[in-house]
Structures are given as structure tokens and as C-alpha cells.
>>> print(open('target_19.csv').read())   # CSV, C-alpha atoms and all ligand atoms
chain,number,residue,atom,x,y,z
A,1,MET,CA,130.4,143.0,100.3
A,2,THR,CA,133.7,141.5,99.4
A,3,PHE,CA,134.0,140.1,95.9
A,4,ALA,CA,136.8,138.0,94.3
A,5,ARG,CA,137.5,140.1,91.3
A,6,ILE,CA,139.7,139.4,88.3
A,7,LEU,CA,142.4,142.1,88.5
A,8,GLY,CA,144.4,140.9,85.5
A,9,THR,CA,144.8,138.0,83.0
A,10,GLY,CA,147.7,136.6,81.0
A,11,SER,CA,148.4,133.6,78.8
A,12,TYR,CA,151.2,131.8,77.1
A,13,LEU,CA,151.4,129.5,74.1
A,14,PRO,CA,154.6,127.7,73.1
A,15,GLN,CA,156.2,129.0,69.9
A,16,LYS,CA,155.9,125.8,67.8
A,17,ARG,CA,152.6,125.8,65.9
A,18,VAL,CA,151.4,122.6,64.3
A,19,THR,CA,148.7,122.7,61.7
A,20,ASN,CA,146.3,119.9,60.7
A,21,ASP,CA,148.2,119.6,57.5
A,22,ASP,CA,151.4,119.1,59.4
A,23,LEU,CA,149.8,116.2,61.3
A,24,ALA,CA,148.5,114.7,58.1
A,25,LYS,CA,152.1,114.2,56.9
A,26,HIS,CA,152.7,111.7,59.7
A,27,ILE,CA,149.4,110.0,60.4
A,28,ASP,CA,146.3,109.0,58.4
A,29,THR,CA,144.2,112.1,58.9
A,30,SER,CA,143.2,115.3,57.0
A,31,ASP,CA,142.5,119.0,57.7
A,32,GLU,CA,139.0,118.4,56.5
A,33,TRP,CA,138.3,115.5,58.9
A,34,ILE,CA,139.7,117.4,62.0
A,35,PHE,CA,138.2,120.8,61.2
A,36,SER,CA,134.7,119.5,60.3
A,37,ARG,CA,134.5,117.4,63.5
A,38,THR,CA,136.2,119.7,66.0
A,39,GLY,CA,136.8,123.2,64.6
A,40,ILE,CA,140.5,122.8,65.2
A,41,LYS,CA,143.0,124.2,62.7
A,42,ALA,CA,146.2,124.2,64.7
A,43,ARG,CA,147.7,123.7,68.1
A,44,HIS,CA,150.9,124.8,69.9
A,45,ILE,CA,153.4,122.3,71.2
A,46,ALA,CA,155.9,122.9,74.0
A,47,ALA,CA,159.6,122.6,73.3
A,48,ASP,CA,161.4,119.6,74.7
A,49,ASP,CA,162.9,121.6,77.5
A,50,GLU,CA,159.6,123.5,78.3
A,51,LYS,CA,157.7,122.1,81.4
A,52,CYS,CA,154.3,122.8,82.7
A,53,SER,CA,155.7,125.2,85.2
A,54,ASP,CA,157.6,127.1,82.5
A,55,LEU,CA,154.3,127.7,80.6
A,56,ALA,CA,152.5,128.6,83.9
A,57,VAL,CA,155.2,131.1,84.9
A,58,GLN,CA,155.0,133.0,81.6
A,59,ALA,CA,151.2,133.2,81.8
A,60,ALA,CA,151.5,134.3,85.5
A,61,LYS,CA,154.0,137.0,84.8
A,62,ARG,CA,151.7,138.5,82.1
A,63,ALA,CA,148.7,138.3,84.4
A,64,LEU,CA,150.6,140.1,87.2
A,65,THR,CA,151.8,142.8,84.9
A,66,ASP,CA,148.2,143.2,83.6
A,67,ALA,CA,146.9,143.4,87.1
A,68,GLN,CA,149.7,145.8,88.2
A,69,VAL,CA,150.2,143.5,91.2
A,70,ASP,CA,153.7,142.7,92.7
A,71,THR,CA,154.7,139.2,93.4
A,72,GLU,CA,155.0,140.0,97.2
A,73,GLU,CA,151.3,140.8,97.3
A,74,ILE,CA,150.3,137.3,96.2
A,75,ASP,CA,149.2,135.2,99.2
A,76,LEU,CA,147.8,132.1,97.4
A,77,ILE,CA,148.9,130.2,94.3
A,78,ILE,CA,146.8,127.5,92.7
A,79,VAL,CA,147.8,125.6,89.5
A,80,ALA,CA,145.2,123.5,87.8
A,81,THR,CA,147.1,120.8,85.8
A,82,ALA,CA,147.0,117.1,84.9
A,83,THR,CA,150.5,117.2,83.5
A,84,PRO,CA,152.7,118.4,86.4
A,85,ASP,CA,156.4,118.8,86.2
A,86,MET,CA,156.9,115.9,88.7
A,87,GLN,CA,154.9,113.4,90.7
A,88,PHE,CA,155.5,115.7,93.6
A,89,PRO,CA,155.9,118.4,94.8
A,90,ALA,CA,153.0,120.4,93.4
A,91,THR,CA,153.8,122.4,90.2
A,92,ALA,CA,152.3,125.4,92.1
A,93,THR,CA,155.3,125.4,94.4
A,94,ILE,CA,157.7,125.2,91.5
A,95,VAL,CA,155.9,128.1,89.9
A,96,GLN,CA,156.0,130.0,93.2
A,97,HIS,CA,159.8,129.6,93.4
A,98,LYS,CA,160.3,130.6,89.8
A,99,LEU,CA,158.3,133.7,90.5
A,100,GLY,CA,160.5,134.5,93.5
A,101,ILE,CA,157.6,134.1,96.0
A,102,SER,CA,157.9,132.2,99.2
A,103,GLY,CA,155.8,131.3,102.2
A,104,CYS,CA,152.2,131.6,100.8
A,105,PRO,CA,150.1,128.4,100.3
A,106,ALA,CA,150.7,127.0,96.8
A,107,PHE,CA,149.0,123.8,95.6
A,108,ASP,CA,147.7,122.0,92.5
A,109,VAL,CA,144.2,121.0,91.7
A,110,GLN,CA,143.6,118.0,89.5
A,111,ALA,CA,140.3,118.1,87.6
A,112,VAL,CA,141.8,117.7,84.1
A,113,CYS,CA,140.0,119.9,81.6
A,114,ALA,CA,137.6,121.3,84.3
A,115,GLY,CA,140.7,122.1,86.5
A,116,PHE,CA,140.4,125.9,86.0
A,117,MET,CA,136.8,125.9,87.2
A,118,PHE,CA,137.9,124.1,90.4
A,119,ALA,CA,141.0,126.3,90.9
A,120,LEU,CA,139.0,129.5,90.4
A,121,THR,CA,136.2,128.4,92.7
A,122,THR,CA,138.8,127.4,95.4
A,123,ALA,CA,140.5,130.8,95.2
A,124,HIS,CA,137.1,132.5,95.3
A,125,ALA,CA,136.3,130.6,98.6
A,126,TYR,CA,139.7,131.6,100.1
A,127,ILE,CA,139.1,135.3,99.2
A,128,LYS,CA,135.4,135.4,100.3
A,129,SER,CA,136.4,133.8,103.6
A,130,GLY,CA,139.3,136.2,104.2
A,131,LEU,CA,141.9,133.5,104.0
A,132,ALA,CA,143.6,135.2,101.0
A,133,LYS,CA,143.6,138.7,99.5
A,134,LYS,CA,145.4,138.3,96.2
A,135,ALA,CA,145.5,134.9,94.4
A,136,LEU,CA,147.3,133.7,91.4
A,137,VAL,CA,145.1,131.1,89.6
A,138,ILE,CA,146.7,129.3,86.7
A,139,GLY,CA,145.6,126.6,84.3
A,140,ALA,CA,148.6,125.0,82.6
A,141,ASP,CA,149.0,121.7,80.7
A,142,VAL,CA,151.4,120.0,78.3
A,143,PHE,CA,149.1,117.2,76.9
A,144,SER,CA,151.6,116.7,74.1
A,145,ARG,CA,153.5,114.6,76.7
A,146,ILE,CA,150.7,112.2,77.4
A,147,ILE,CA,149.4,111.8,73.8
A,148,ASP,CA,150.2,108.8,71.7
A,149,TRP,CA,151.1,110.6,68.5
A,150,GLN,CA,150.3,107.5,66.4
A,151,ASP,CA,146.7,107.5,67.7
A,152,ARG,CA,144.8,109.6,65.3
A,153,GLY,CA,141.6,109.4,67.4
A,154,THR,CA,143.2,111.5,70.1
A,155,CYS,CA,146.4,113.2,69.0
A,156,VAL,CA,144.7,115.6,66.7
A,157,LEU,CA,142.6,117.1,69.5
A,158,PHE,CA,145.1,118.5,72.0
A,159,GLY,CA,147.7,121.3,72.4
A,160,ASP,CA,149.8,122.9,75.1
A,161,GLY,CA,149.5,126.2,76.8
A,162,ALA,CA,148.8,128.2,80.0
A,163,GLY,CA,146.5,130.9,81.2
A,164,ALA,CA,146.4,132.8,84.5
A,165,VAL,CA,144.3,135.3,86.4
A,166,VAL,CA,145.1,137.4,89.4
A,167,LEU,CA,142.1,137.3,91.6
A,168,GLY,CA,141.8,140.0,94.4
A,169,ALA,CA,139.5,140.9,97.2
A,170,SER,CA,137.5,143.9,96.1
A,171,ASP,CA,134.4,146.0,96.7
A,172,GLU,CA,133.8,146.0,93.0
A,173,ALA,CA,131.9,143.1,91.3
A,174,GLY,CA,133.6,139.9,90.6
A,175,ILE,CA,132.7,136.2,90.9
A,176,ILE,CA,128.9,135.9,91.4
A,177,HIS,CA,128.4,132.2,91.7
A,178,SER,CA,130.0,128.9,91.0
A,179,LYS,CA,128.8,125.3,90.6
A,180,LEU,CA,131.1,122.3,90.5
A,181,HIS,CA,130.3,118.6,90.1
A,182,ALA,CA,132.3,115.3,89.8
A,183,ASP,CA,131.3,111.7,89.2
A,184,GLY,CA,134.0,109.0,89.3
A,185,ALA,CA,131.6,106.5,87.7
A,186,PHE,CA,132.6,107.9,84.3
A,187,LEU,CA,136.3,107.2,84.8
A,188,ASN,CA,136.5,105.0,81.7
A,189,LEU,CA,135.4,107.7,79.3
A,190,LEU,CA,138.7,109.5,79.6
A,191,ASN,CA,141.8,108.7,81.5
A,192,VAL,CA,145.6,108.1,81.4
A,193,PRO,CA,145.6,104.7,83.1
A,194,ALA,CA,149.2,104.7,84.4
A,195,GLN,CA,150.9,105.1,87.7
A,196,MET,CA,154.5,105.1,89.0
A,197,ALA,CA,155.2,102.1,91.2
A,198,ASN,CA,158.3,100.1,92.2
A,199,GLY,CA,160.6,102.2,89.9
A,200,GLU,CA,158.4,101.6,86.8
A,201,ILE,CA,155.5,103.0,85.0
A,202,MET,CA,152.6,100.6,85.5
A,203,GLY,CA,149.8,100.8,82.9
A,204,THR,CA,149.7,102.9,79.7
A,205,PRO,CA,151.0,106.5,80.1
A,206,PHE,CA,148.9,107.7,77.1
A,207,LEU,CA,145.5,109.4,77.1
A,208,LYS,CA,142.6,107.0,76.4
A,209,MET,CA,139.2,108.3,75.3
A,210,ASP,CA,135.8,107.2,74.3
A,211,GLY,CA,135.2,110.2,72.0
A,212,GLN,CA,131.5,109.8,71.4
A,213,GLY,CA,130.8,109.0,75.0
A,214,VAL,CA,132.7,112.1,76.1
A,215,PHE,CA,130.8,114.2,73.5
A,216,LYS,CA,127.4,113.1,74.7
A,217,PHE,CA,128.2,113.4,78.4
A,218,ALA,CA,129.8,116.9,77.8
A,219,VAL,CA,126.8,118.3,75.9
A,220,LYS,CA,124.3,117.1,78.5
A,221,GLN,CA,126.3,118.1,81.7
A,222,LEU,CA,127.5,121.5,80.4
A,223,ALA,CA,123.9,122.5,79.6
A,224,ALA,CA,122.7,121.4,83.0
A,225,VAL,CA,125.5,123.1,85.0
A,226,ALA,CA,125.0,126.3,83.0
A,227,ASP,CA,121.3,126.3,83.9
A,228,GLU,CA,122.2,125.5,87.5
A,229,VAL,CA,124.7,128.3,88.0
A,230,LEU,CA,122.3,130.9,86.4
A,231,ASN,CA,119.2,129.7,88.3
A,232,GLU,CA,121.0,129.6,91.7
A,233,ALA,CA,122.4,133.1,91.1
A,234,GLY,CA,119.0,134.4,89.9
A,235,TYR,CA,120.3,135.4,86.5
A,236,GLN,CA,118.8,134.9,83.0
A,237,ALA,CA,120.8,133.7,80.0
A,238,GLU,CA,120.0,137.1,78.4
A,239,GLN,CA,122.2,138.8,81.0
A,240,ILE,CA,125.3,136.9,79.8
A,241,ASP,CA,127.5,139.1,77.7
A,242,TRP,CA,130.1,136.4,76.9
A,243,ILE,CA,130.3,132.6,77.3
A,244,VAL,CA,134.0,131.6,77.8
A,245,PRO,CA,133.8,127.8,77.4
A,246,HIS,CA,136.3,125.0,77.6
A,247,GLN,CA,137.8,124.7,74.1
A,248,ALA,CA,137.6,121.0,73.2
A,249,ASN,CA,135.3,120.9,70.3
A,250,ARG,CA,133.4,123.6,68.5
A,251,ARG,CA,130.3,121.4,68.2
A,252,ILE,CA,130.1,121.0,72.0
A,253,ILE,CA,130.6,124.8,72.4
A,254,GLU,CA,127.8,125.5,70.0
A,255,ALA,CA,125.5,123.0,71.7
A,256,THR,CA,125.8,124.8,75.1
A,257,ALA,CA,125.3,128.2,73.5
A,258,LYS,CA,122.2,126.9,71.6
A,259,HIS,CA,120.8,125.4,74.8
A,260,LEU,CA,121.1,128.8,76.5
A,261,GLY,CA,119.7,130.7,73.5
A,262,VAL,CA,123.0,132.7,73.3
A,263,SER,CA,124.3,133.6,69.9
A,264,MET,CA,127.7,132.3,68.9
A,265,GLU,CA,128.6,136.0,68.4
A,266,LYS,CA,128.7,136.1,72.2
A,267,VAL,CA,131.0,133.1,72.6
A,268,ILE,CA,134.8,133.3,72.8
A,269,VAL,CA,136.1,130.6,70.5
A,270,THR,CA,139.8,129.8,70.4
A,271,VAL,CA,139.7,126.0,69.7
A,272,ASP,CA,140.6,126.7,66.1
A,273,GLU,CA,144.1,128.0,67.0
A,274,HIS,CA,144.7,126.4,70.4
A,275,ALA,CA,142.9,123.0,70.2
A,276,ASN,CA,142.2,121.4,73.6
A,277,THR,CA,144.7,122.7,76.1
A,278,SER,CA,142.9,121.1,79.0
A,279,ALA,CA,143.1,123.2,82.2
A,280,ALA,CA,144.6,126.1,80.2
A,281,SER,CA,141.8,126.4,77.7
A,282,ILE,CA,139.4,128.6,79.6
A,283,PRO,CA,141.9,131.1,80.9
A,284,LEU,CA,143.6,131.2,77.5
A,285,ALA,CA,140.2,132.0,75.9
A,286,LEU,CA,139.4,134.5,78.6
A,287,ASP,CA,142.7,136.3,78.1
A,288,ALA,CA,142.2,136.3,74.3
A,289,GLY,CA,138.8,137.8,74.6
A,290,ILE,CA,140.1,140.5,76.9
A,291,LYS,CA,143.2,141.3,74.9
A,292,GLU,CA,141.1,141.5,71.7
A,293,LYS,CA,139.0,144.1,73.6
A,294,ARG,CA,135.8,142.0,73.0
A,295,ILE,CA,135.3,141.4,76.7
A,296,GLN,CA,134.9,144.7,78.6
A,297,ARG,CA,134.9,145.6,82.3
A,298,GLY,CA,131.5,145.4,83.8
A,299,GLN,CA,130.3,142.6,81.5
A,300,ASN,CA,128.9,139.3,82.7
A,301,LEU,CA,130.8,136.1,81.8
A,302,LEU,CA,129.8,132.5,82.0
A,303,LEU,CA,132.9,130.2,82.2
A,304,GLU,CA,132.2,126.5,81.8
A,305,GLY,CA,134.3,123.3,81.5
A,306,ILE,CA,134.3,119.6,81.7
A,307,GLY,CA,137.0,116.9,81.8
A,308,GLY,CA,138.2,113.5,83.0
A,309,GLY,CA,137.0,112.2,86.3
A,310,PHE,CA,134.4,113.2,85.2
A,311,ALA,CA,134.5,116.7,86.7
A,312,TRP,CA,132.6,119.7,85.4
A,313,GLY,CA,131.6,123.1,86.5
A,314,ALA,CA,130.6,126.7,85.7
A,315,VAL,CA,131.5,130.1,87.1
A,316,LEU,CA,129.4,133.2,86.6
A,317,LEU,CA,131.2,136.5,87.1
A,318,THR,CA,131.3,140.2,86.3
A,319,TYR,CA,134.6,141.1,84.7
B,401,LIG,O1,137.9,117.8,77.4
B,401,LIG,C1,137.2,116.7,76.8
B,401,LIG,C2,138.1,116.1,75.8
B,401,LIG,N1,137.4,115.4,74.7
B,401,LIG,C3,136.4,115.8,73.9
B,401,LIG,O2,135.9,116.8,74.0
B,401,LIG,C4,136.1,114.8,72.8
B,401,LIG,C5,134.7,114.7,72.5
B,401,LIG,N2,134.5,113.9,71.3
B,401,LIG,C6,134.7,114.4,70.0
B,401,LIG,O3,135.0,115.5,69.8
B,401,LIG,C7,134.5,113.4,68.9
B,401,LIG,O4,133.9,112.2,69.3
B,401,LIG,C8,135.8,113.2,68.1
B,401,LIG,C9,136.2,114.4,67.3
B,401,LIG,C10,136.9,112.7,69.0
B,401,LIG,C11,135.6,112.0,67.1
B,401,LIG,O5,134.5,112.3,66.2
B,401,LIG,P1,133.4,111.2,65.8
B,401,LIG,O6,132.5,111.8,64.9
B,401,LIG,O7,132.8,110.8,67.2
B,401,LIG,O8,134.3,110.1,65.2
B,401,LIG,P2,134.4,108.6,65.5
B,401,LIG,O9,135.3,108.4,66.7
B,401,LIG,O10,133.1,107.9,65.6
B,401,LIG,O11,135.2,108.1,64.3
B,401,LIG,C12,134.6,108.1,63.0
B,401,LIG,C13,135.6,107.6,62.0
B,401,LIG,C14,136.3,106.2,62.4
B,401,LIG,O12,136.5,105.5,61.2
B,401,LIG,P3,135.5,104.3,60.8
B,401,LIG,O13,135.6,103.3,61.9
B,401,LIG,O14,134.1,104.9,60.6
B,401,LIG,O15,136.1,103.8,59.5
B,401,LIG,C15,137.6,106.6,62.9
B,401,LIG,O16,138.6,105.6,62.8
B,401,LIG,O17,136.7,108.5,61.9
B,401,LIG,C16,138.0,107.8,62.0
B,401,LIG,N3,138.9,108.8,62.6
B,401,LIG,C17,139.7,109.6,61.9
B,401,LIG,N4,139.8,109.8,60.6
B,401,LIG,C18,140.6,110.8,60.2
B,401,LIG,C19,139.1,108.9,64.0
B,401,LIG,N5,140.1,109.9,64.1
B,401,LIG,C20,140.4,110.3,62.9
B,401,LIG,C21,141.3,111.3,62.4
B,401,LIG,N6,141.4,111.5,61.0
B,401,LIG,N7,142.0,112.1,63.2
>>> encode(input="target_19.csv", output="C-alpha cells")
Amino acid sequence: MTFARILGTGSYLPQKRVTNDDLAKHIDTSDEWIFSRTGIKARHIAADDEKCSDLAVQAAKRALTDAQVDTEEIDLIIVATATPDMQFPATATIVQHKLGISGCPAFDVQAVCAGFMFALTTAHAYIKSGLAKKALVIGADVFSRIIDWQDRGTCVLFGDGAGAVVLGASDEAGIIHSKLHADGAFLNLLNVPAQMANGEIMGTPFLKMDGQGVFKFAVKQLAAVADEVLNEAGYQAEQIDWIVPHQANRRIIEATAKHLGVSMEKVIVTVDEHANTSAASIPLALDAGIKEKRIQRGQNLLLEGIGGGFAWGAVLLTY
């Protein structure tokens, strides 16, 4: 049987690190408020000249080195992002060019914070069907560009970053099962209600969120989709070695682990240092867990994420 196997991972965080105390110098907030409600201590913010594709390229290069795969072997590039370099073309094509690759399909997927689940599942389908052999799957976002830095209800929650995996066709175990969902009825919980039209930005180009609404929806749906992916794959929660969740809020992460009866010792948590990096958060956490030698080859991982749309999903895999 052919599996889509993770051959290597890489990630990139911009150099500038901003702590909660740094934010408290400019807005009415405190380290105590932010940390107690979210588990966030700090976030990284892209330099003015750093674009989404720049972050993505750094993460991709590290993943390729880790996988010992040459750029010419890559036959599919997918970038999950909600903060592309341009309206069009796809950031994936810009990443492709910056990596010196040409010809293979390269496209973006837009599922906001769940984007990496959608990108990974798409690449999995390409590989399982024989349409691709080695795929570069990247989650990259610069939410610092779509945040109103005067809005304390949102600006303390997000950071910038990128994470990447090289996925390859293999006889060895890889992705076991995936489950994705979306429901546009929940649009108003989380969005950036702007569009370009007639040479102007129409609407508000800053993130709007109903924090409590998102919190409740996330806790409910992440528990449900985790159950679904396990049940459909015929796995028990006890067989999970690591949960690698979307890093938005430590309390949401804890709720999913508790629901599954999985100890927090078996959950990769990076929200304290990364904050919510949207599509980058899961591959950033995955790479951190692997580079810290906590996640080992042969272990079973449950990746799960949720974001605007609403869109959510989970992927069960053997690393
Ligand atoms: O990928 C998905 C992305 N989004 C999420 O995951 C967000 C999920 N939601 C959450 O994490 C939480 O709802 C938040 C952390 C965003 C907010 O926590 P909360 O306990 O729901 O707080 P709240 O919005 O109900 O606000 C409580 C109080 C309010 O003051 P009053 O009206 O009670 O006087 C806010 O104005 O906290 C105030 N507040 C702040 N205070 C200090 C809101 N933001 C801040 C802040 N610092 N940064």
C-alpha cells in the first residue's frame, strides 16, 4: 500500500519577539490577563520587508534539508495561508519560483487557521491517487498585517510564522486518515470583512472576532472531529502518542485533550512562545516536537485545527 509519509519538517519564526509586557506598554492589557486566558507569553512579528512567501521559503528550505529531498524532486506545492503576498497569483507560485522550481502545480488553500489540515489532506489525496510523488506542504501567515494593534481583544492573540513538511509516496506508514469540515453559517464569528474593488479597499481590513463564540465552537467541533477521525480509522485515543493541535489558546487545547482522555504530557504546546500563527501553527508545533526529539519515528500523531469560515479538521498519521 502507498502511504503519504512525512519525509521531513521545517519551520521559521521571524526574528522579532514581542512579549506580553512589550504589548502592555502600548495598549491597556497585562501579561497576567493574556497568559491566564490564553497561555500566550510571546509572539514573533515579521519585519516590514518580510512577506508570507519569505517565511514560507525559509520553512520549506529547512523541511527539504531535513527530508534530504532536492527541489527538482518536488512535484506539488501547496501553501495554506490567509495572508498571501498578493491578491493573485497564489503565494505557492511565488514560493515555487523563490525555491528555483518550475512547472509543477502550485496553489494556495484558504481555510484560515485550519488551512494546514486542508493542505495536508489535499497533498495526501494527490499522493494516494498517484498524481504526485513528493509534495511540499506549507502553512504560512503574517497575521500582524491584518490585526488592529489598538484592539486589545484581538491583537494580543496572534503572531507570524511558517511551518512546512515534505510529504512523499512511501511503503512505510504515513497519513492514516483525515476528516475535514466547513460551515459558512458561522462566518460572523471570525473574519476580515474587506475586499479590493474599484481601486479601493472596501470594508474593514482588520480581523474581527467574537472571542467567546469562537471558543465555544472550537471546543465542541475539535472534540467531535477528533472522535470522528479516530472512529473512522478504527483507532482508540490510547493509541495516540502525541496530539499536535492548532495553537490558539491553551484552554481550547486542554479541552480537546481532556475530552479524549489524553494527558497534557502527550500534547505539543507552543502557543506560549508562538501565539496563534494561523495556518502555520500546526506545522510549527509539529516541527518543534520533532526537533526537540519528543516526537519519534513510528509514533501516532493526531493533528487538529479550526479557523474562520468556519473550517476545521483532523489528520491521524504515523510519523
Ligand atoms: O483560531 C481561532 C482563533 N481565535 C480563538 O481561538 C479565540 C477563542 N477565544 C478566546 O481565546 C477568548 O474568548 C479570548 C482570550 C479572546 C477572550 O477571553 P474571554 O475570557 O472570552 O474575555 P472577554 O472577551 O469576555 O473579555 C473579558 C474582559 C472584557 O472586559 P469587561 O467588558 O469585562 O470589562 C474585555 O474588554 O476582558 C477585557 N479584555 C482585555 N483585558 C485586558 C479583552 N481583551 C483584553 C486584553 N487585556 N487583551
>>> closest_residue(input="target_19.csv", among="A:Gly313, A:Gly130, A:Gly308, A:Gly174", to="ligand LIG 401 (chain B)", atoms="all atoms listed in the file")
A:Gly308
>>> residues_near_ligand(input="target_19.csv", ligand="ligand LIG 401 (chain B)", cutoff="6 Å", atoms="only C-alpha atoms and all ligand atoms", output="list in words")
Thr29, Ser30, Trp33, Ile34, Arg37, Thr38, Cys113, Arg152, Gly153, Val156, Gly211, Gln212, Val214, Phe215, Ala248, Asn249, Ile306 and Gly307 of chain A
>>> atom_distance(input="target_19.csv", atom1="CA of Ala257 (chain A)", atom2="CA of Lys216 (chain A)")
15.3 Å
>>> atom_distance(input="target_19.csv", atom1="CA of Gly309 (chain A)", atom2="CA of Leu222 (chain A)")
14.5 Å
>>> closest_atom_pairs(input="target_19.csv", of="region 52-118 of chain A", to="region 276-279 of chain A", cutoff="7 Å", atoms="only C-alpha atoms", output="tab-separated table")
residue	atom	partner	partner_atom	distance
A:Ala80	CA	A:Ala279	CA	6.0
A:Thr81	CA	A:Ala279	CA	5.9
A:Val112	CA	A:Ala279	CA	6.0
A:Cys113	CA	A:Ser278	CA	4.1
A:Ala114	CA	A:Ala279	CA	6.2
A:Gly115	CA	A:Ala279	CA	5.0
A:Phe116	CA	A:Ala279	CA	5.4
>>> write_last_selection(input="target_19.csv", atoms="C-alpha atoms", output="PDB file, in the frame of the given file")
ATOM      1  CA  ALA A  80     145.200 123.500  87.800  1.00  0.00           C
ATOM      2  CA  THR A  81     147.100 120.800  85.800  1.00  0.00           C
ATOM      3  CA  VAL A 112     141.800 117.700  84.100  1.00  0.00           C
ATOM      4  CA  CYS A 113     140.000 119.900  81.600  1.00  0.00           C
ATOM      5  CA  ALA A 114     137.600 121.300  84.300  1.00  0.00           C
ATOM      6  CA  GLY A 115     140.700 122.100  86.500  1.00  0.00           C
ATOM      7  CA  PHE A 116     140.400 125.900  86.000  1.00  0.00           C
TER       8      PHE A 116
END
>>> closest_residue(input="target_19.csv", among="A:Asp210, A:Glu228, A:Asp85, A:Asp160", to="Glu304 (chain A)", atoms="all atoms listed in the file")
A:Glu228
>>> residues_around(input="target_19.csv", residues="Val219 (chain A)", least_positions_apart="4", cutoff="10 Å", atoms="only C-alpha atoms", output="number ranges by chain")
A: 214-215, 223-224, 251-256, 259, 306
>>> closest_residue(input="target_19.csv", among="A:Gln15, A:Lys128, A:Phe310, A:Gln195", to="Ala111 (chain A)", atoms="all atoms listed in the file")
A:Phe310
>>> residues_around(input="target_19.csv", residues="Glu292 (chain A)", least_positions_apart="6", cutoff="12 Å", atoms="only C-alpha atoms", output="list in words")
Ile268, Thr270, Ala285 and Leu286 of chain A
>>> atom_distance(input="target_19.csv", atom1="CA of Leu317 (chain A)", atom2="CA of Gly261 (chain A)")
18.7 Å
>>> residues_around(input="target_19.csv", residues="Thr121 (chain A)", least_positions_apart="3", cutoff="9 Å", atoms="all atoms listed in the file", output="count of residues only")
12
>>> closest_residue(input="target_19.csv", among="A:Ala60, A:Ala47, A:Ser102, A:Gly10", to="Glu72 (chain A)", atoms="all atoms listed in the file")
A:Ser102
>>> residues_around(input="target_19.csv", residues="Cys52 (chain A)", least_positions_apart="3", cutoff="7 Å", atoms="all atoms listed in the file", output="list in words")
Leu55, Ala56, Thr83, Pro84, Asp85, Ala140, Asp141 and Val142 of chain A
>>> residues_near_point(input="target_19.csv", point="(123.5, 131.6, 87.3)", cutoff="10 Å", atoms="only C-alpha atoms", output="NGL selection string")
:A and (176-179 or 225-237 or 239-240 or 302 or 314-317)
>>> closest_residue(input="target_19.csv", among="A:Ile94, A:Val165, A:Ala197, A:Ile74", to="Gly139 (chain A)", atoms="all atoms listed in the file")
A:Val165
>>> residues_around(input="target_19.csv", residues="Phe107 (chain A)", least_positions_apart="4", cutoff="12 Å", atoms="only C-alpha atoms", output="PDB file with C-alpha atoms, in the coordinates of the input")
ATOM      1  CA  ASP A  75     149.200 135.200  99.200  1.00  0.00           C
ATOM      2  CA  LEU A  76     147.800 132.100  97.400  1.00  0.00           C
ATOM      3  CA  ILE A  77     148.900 130.200  94.300  1.00  0.00           C
ATOM      4  CA  ILE A  78     146.800 127.500  92.700  1.00  0.00           C
ATOM      5  CA  VAL A  79     147.800 125.600  89.500  1.00  0.00           C
ATOM      6  CA  ALA A  80     145.200 123.500  87.800  1.00  0.00           C
ATOM      7  CA  THR A  81     147.100 120.800  85.800  1.00  0.00           C
ATOM      8  CA  PRO A  84     152.700 118.400  86.400  1.00  0.00           C
ATOM      9  CA  PHE A  88     155.500 115.700  93.600  1.00  0.00           C
ATOM     10  CA  PRO A  89     155.900 118.400  94.800  1.00  0.00           C
ATOM     11  CA  ALA A  90     153.000 120.400  93.400  1.00  0.00           C
ATOM     12  CA  THR A  91     153.800 122.400  90.200  1.00  0.00           C
ATOM     13  CA  ALA A  92     152.300 125.400  92.100  1.00  0.00           C
ATOM     14  CA  THR A  93     155.300 125.400  94.400  1.00  0.00           C
ATOM     15  CA  ILE A  94     157.700 125.200  91.500  1.00  0.00           C
ATOM     16  CA  VAL A  95     155.900 128.100  89.900  1.00  0.00           C
ATOM     17  CA  GLN A  96     156.000 130.000  93.200  1.00  0.00           C
ATOM     18  CA  ALA A 119     141.000 126.300  90.900  1.00  0.00           C
ATOM     19  CA  THR A 122     138.800 127.400  95.400  1.00  0.00           C
ATOM     20  CA  ALA A 123     140.500 130.800  95.200  1.00  0.00           C
ATOM     21  CA  ALA A 135     145.500 134.900  94.400  1.00  0.00           C
ATOM     22  CA  LEU A 136     147.300 133.700  91.400  1.00  0.00           C
ATOM     23  CA  VAL A 137     145.100 131.100  89.600  1.00  0.00           C
ATOM     24  CA  ILE A 138     146.700 129.300  86.700  1.00  0.00           C
TER      25      ILE A 138
END
>>> closest_residue(input="target_19.csv", among="A:Gln247, A:Ser170, A:Ser144, A:Asn188", to="Phe206 (chain A)", atoms="all atoms listed in the file")
A:Ser144
>>> residues_near_point(input="target_19.csv", point="(131.3, 117.6, 88.4)", cutoff="6 Å", atoms="all atoms listed in the file", output="PyMOL selection string")
chain A and resi 180-183+311-313
